[in-house]
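Text of upload-v9.txt, listed as compact mmCIF, C-alpha atoms:
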# COMPACT_ATOMS: atom_id res chain seq x y z
CA MET A 1 -27.45 32.50 61.68
CA THR A 2 -28.53 29.66 59.39
CA THR A 3 -26.09 26.92 58.35
CA ARG A 4 -26.60 24.00 55.97
CA ILE A 5 -24.63 20.79 56.42
CA LEU A 6 -24.94 17.57 54.42
CA LEU A 7 -25.76 14.77 56.86
CA ALA A 8 -25.88 11.78 54.54
CA GLY A 9 -22.40 10.70 55.57
CA LEU A 10 -23.08 11.34 59.25
CA ALA A 11 -26.28 9.34 59.20
CA LEU A 12 -24.54 6.48 57.44
CA VAL A 13 -21.75 6.51 60.02
CA ALA A 14 -24.29 6.53 62.86
CA LEU A 15 -26.19 3.66 61.27
CA ALA A 16 -23.09 1.63 60.42
CA GLY A 17 -23.49 -0.45 63.56
CA CYS A 18 -27.08 -1.24 62.55
CA ASN A 19 -26.17 -2.75 59.18
CA LYS A 20 -27.89 -6.11 58.70
CA GLY A 21 -26.91 -8.71 56.15
CA ASN A 22 -23.79 -6.92 54.92
CA GLU A 23 -20.91 -9.08 56.00
CA ALA A 24 -17.28 -8.62 55.08
CA THR A 25 -15.81 -11.15 52.72
CA GLY A 26 -12.56 -11.37 54.65
CA ASN A 27 -10.72 -9.96 51.64
CA ALA A 28 -9.74 -6.41 52.66
CA ALA A 29 -9.20 -5.27 49.06
CA ALA A 30 -12.57 -6.61 47.93
CA ASP A 31 -14.34 -5.13 50.95
CA THR A 32 -12.75 -1.71 50.36
CA ALA A 33 -13.63 -1.83 46.67
CA ALA A 34 -17.23 -2.70 47.48
CA GLU A 35 -17.47 0.23 49.92
CA SER A 36 -15.95 2.70 47.46
CA ASN A 37 -18.33 1.56 44.72
CA ALA A 38 -21.43 1.91 46.89
CA VAL A 39 -23.90 4.43 45.52
CA VAL A 40 -25.99 6.50 47.90
CA ASP A 41 -29.30 7.56 46.36
CA ASN A 42 -31.25 9.67 48.78
CA GLY A 43 -34.13 10.00 46.34
CA ASP A 44 -35.99 6.80 47.29
CA ASP A 45 -37.66 6.02 50.56
CA GLY A 46 -35.01 3.50 51.61
CA ASN A 47 -32.36 6.21 51.64
CA ASN A 48 -34.41 9.06 53.12
CA VAL A 49 -31.91 10.46 55.60
CA ALA A 50 -34.56 12.52 57.40
CA ALA A 51 -36.55 9.34 58.06
CA GLN A 52 -33.40 7.58 59.25
CA VAL A 53 -32.64 10.41 61.69
CA VAL A 54 -36.24 10.32 62.98
CA ALA A 55 -35.87 6.57 63.61
CA MET A 56 -32.61 6.92 65.57
CA THR A 57 -32.46 6.71 69.33
CA GLU A 58 -31.93 10.08 71.04
CA GLN A 59 -28.37 9.11 71.93
CA VAL A 60 -27.40 8.31 68.33
CA ARG A 61 -29.29 11.33 66.99
CA ASN A 62 -27.41 13.59 69.44
CA VAL A 63 -24.11 12.30 68.02
CA VAL A 64 -25.31 13.24 64.53
CA PHE A 65 -26.39 16.66 65.81
CA ILE A 66 -23.10 17.44 67.58
CA ARG A 67 -21.20 16.64 64.39
CA ALA A 68 -23.50 18.84 62.30
CA ILE A 69 -23.25 21.72 64.80
CA ARG A 70 -19.47 21.50 65.05
CA ASP A 71 -19.07 21.12 61.28
CA ALA A 72 -21.06 24.34 60.94
CA GLY A 73 -18.52 26.05 63.19
CA LEU A 74 -21.06 26.69 65.94
CA PRO A 75 -20.25 26.41 69.64
CA CYS A 76 -21.36 23.22 71.37
CA GLU A 77 -19.31 21.18 73.80
CA HIS A 78 -21.82 18.32 73.98
CA VAL A 79 -25.47 17.79 72.99
CA ASP A 80 -27.10 17.02 76.34
CA SER A 81 -30.56 16.39 74.88
CA SER A 82 -32.74 16.97 71.86
CA GLN A 83 -36.48 17.39 71.57
CA ARG A 84 -38.59 16.76 68.51
CA LEU A 85 -40.77 19.75 67.71
CA PRO A 86 -43.62 20.09 65.22
CA ASP A 87 -42.40 19.76 61.64
CA MET A 88 -41.37 22.95 59.89
CA ASN A 89 -42.27 23.22 56.19
CA GLY A 90 -42.80 19.46 56.11
CA LEU A 91 -39.36 18.69 57.55
CA PRO A 92 -38.61 17.13 60.95
CA LEU A 93 -37.43 19.73 63.46
CA TRP A 94 -35.47 19.29 66.69
CA ARG A 95 -34.06 21.55 69.39
CA ALA A 96 -30.56 20.36 70.25
CA ASN A 97 -29.54 21.55 73.72
CA CYS A 98 -25.80 22.02 74.08
CA LYS A 99 -23.89 21.89 77.34
CA GLY A 100 -22.91 25.45 78.16
CA ALA A 101 -23.73 26.92 74.73
CA GLY A 102 -27.50 27.22 74.40
CA SER A 103 -29.67 25.52 71.81
CA HIS A 104 -29.75 25.05 68.05
CA MET A 105 -32.83 24.35 65.93
CA ILE A 106 -32.12 21.65 63.34
CA THR A 107 -34.22 20.47 60.38
CA ILE A 108 -33.18 17.54 58.21
CA THR A 109 -34.10 17.17 54.53
CA PRO A 110 -34.57 13.77 52.83
CA ASP A 111 -31.21 14.21 51.05
CA GLY A 112 -29.44 14.64 54.40
CA THR A 113 -29.02 18.41 54.53
CA ALA A 114 -29.15 19.81 58.05
CA ASN A 115 -30.41 23.36 58.37
CA ILE A 116 -29.24 24.80 61.68
CA VAL A 117 -30.64 28.00 63.15
CA SER A 118 -28.93 29.41 66.22
CA ARG A 119 -29.68 32.36 68.46
CA THR A 120 -26.73 33.80 70.29
CA ASP A 121 -28.85 36.13 72.44
CA ARG A 122 -30.47 33.29 74.45
When written as structure tokens, how does the structure in this file appear?
Amino acid sequence: MTTRILLAGLALVALAGCNKGNEATGNAAADTAAESNAVVDNGDDGNNVAAQVVAMTEQVRNVVFIRAIRDAGLPCEHVDSSQRLPDMNGLPLWRANCKGAGSHMITITPDGTANIVSRTDR
């Protein structure tokens, strides 16, 4: 089974704690308006979601992976670990090992799409 999930939002949520230089103005309405007007352009290097996922710690990356796996409707109680494997078709590839539910192979595209391949027979 192959499933595609858009990870741009997940990566942004995971990186929200790493935001530097973006401070709230103290005006809730202005802050909310600024957030809703933000444009995400995954076409340039600064917004390459695949590169952002590669740069994450394993712990943060596993949070992104569990959300992608669950959003795809696949079984996974918790991502215990993930290992980076050789790139596939020029995209970063990981094996996400789920507690009690096997493993899922995940590639991430620069625009934030997660391609998940699962084998239920292993």
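Between atom CA of Asp80 of chain A and atom CA of Gly100 of chain A there is a distance of 9.6 Å.
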Check: Could you pull the residues within 12 Å of Gly90 of chain A, counting all atoms listed in the file, minus those fewer than 5 positions along the same chain, as a list in words?
Finding: Ala50, Leu85, Thr107, Ile108, Thr109 and Pro110 of chain A
Next item on the list: Can you work out the spacing between atom CA of Gly102 of chain A and atom CA of Asn48 of chain A in Å, to one decimal?
Entry: 28.8 Å
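Relative to atom CA of Ala51 of chain A, atom CA of Val79 of chain A is found at 20.4 Å.
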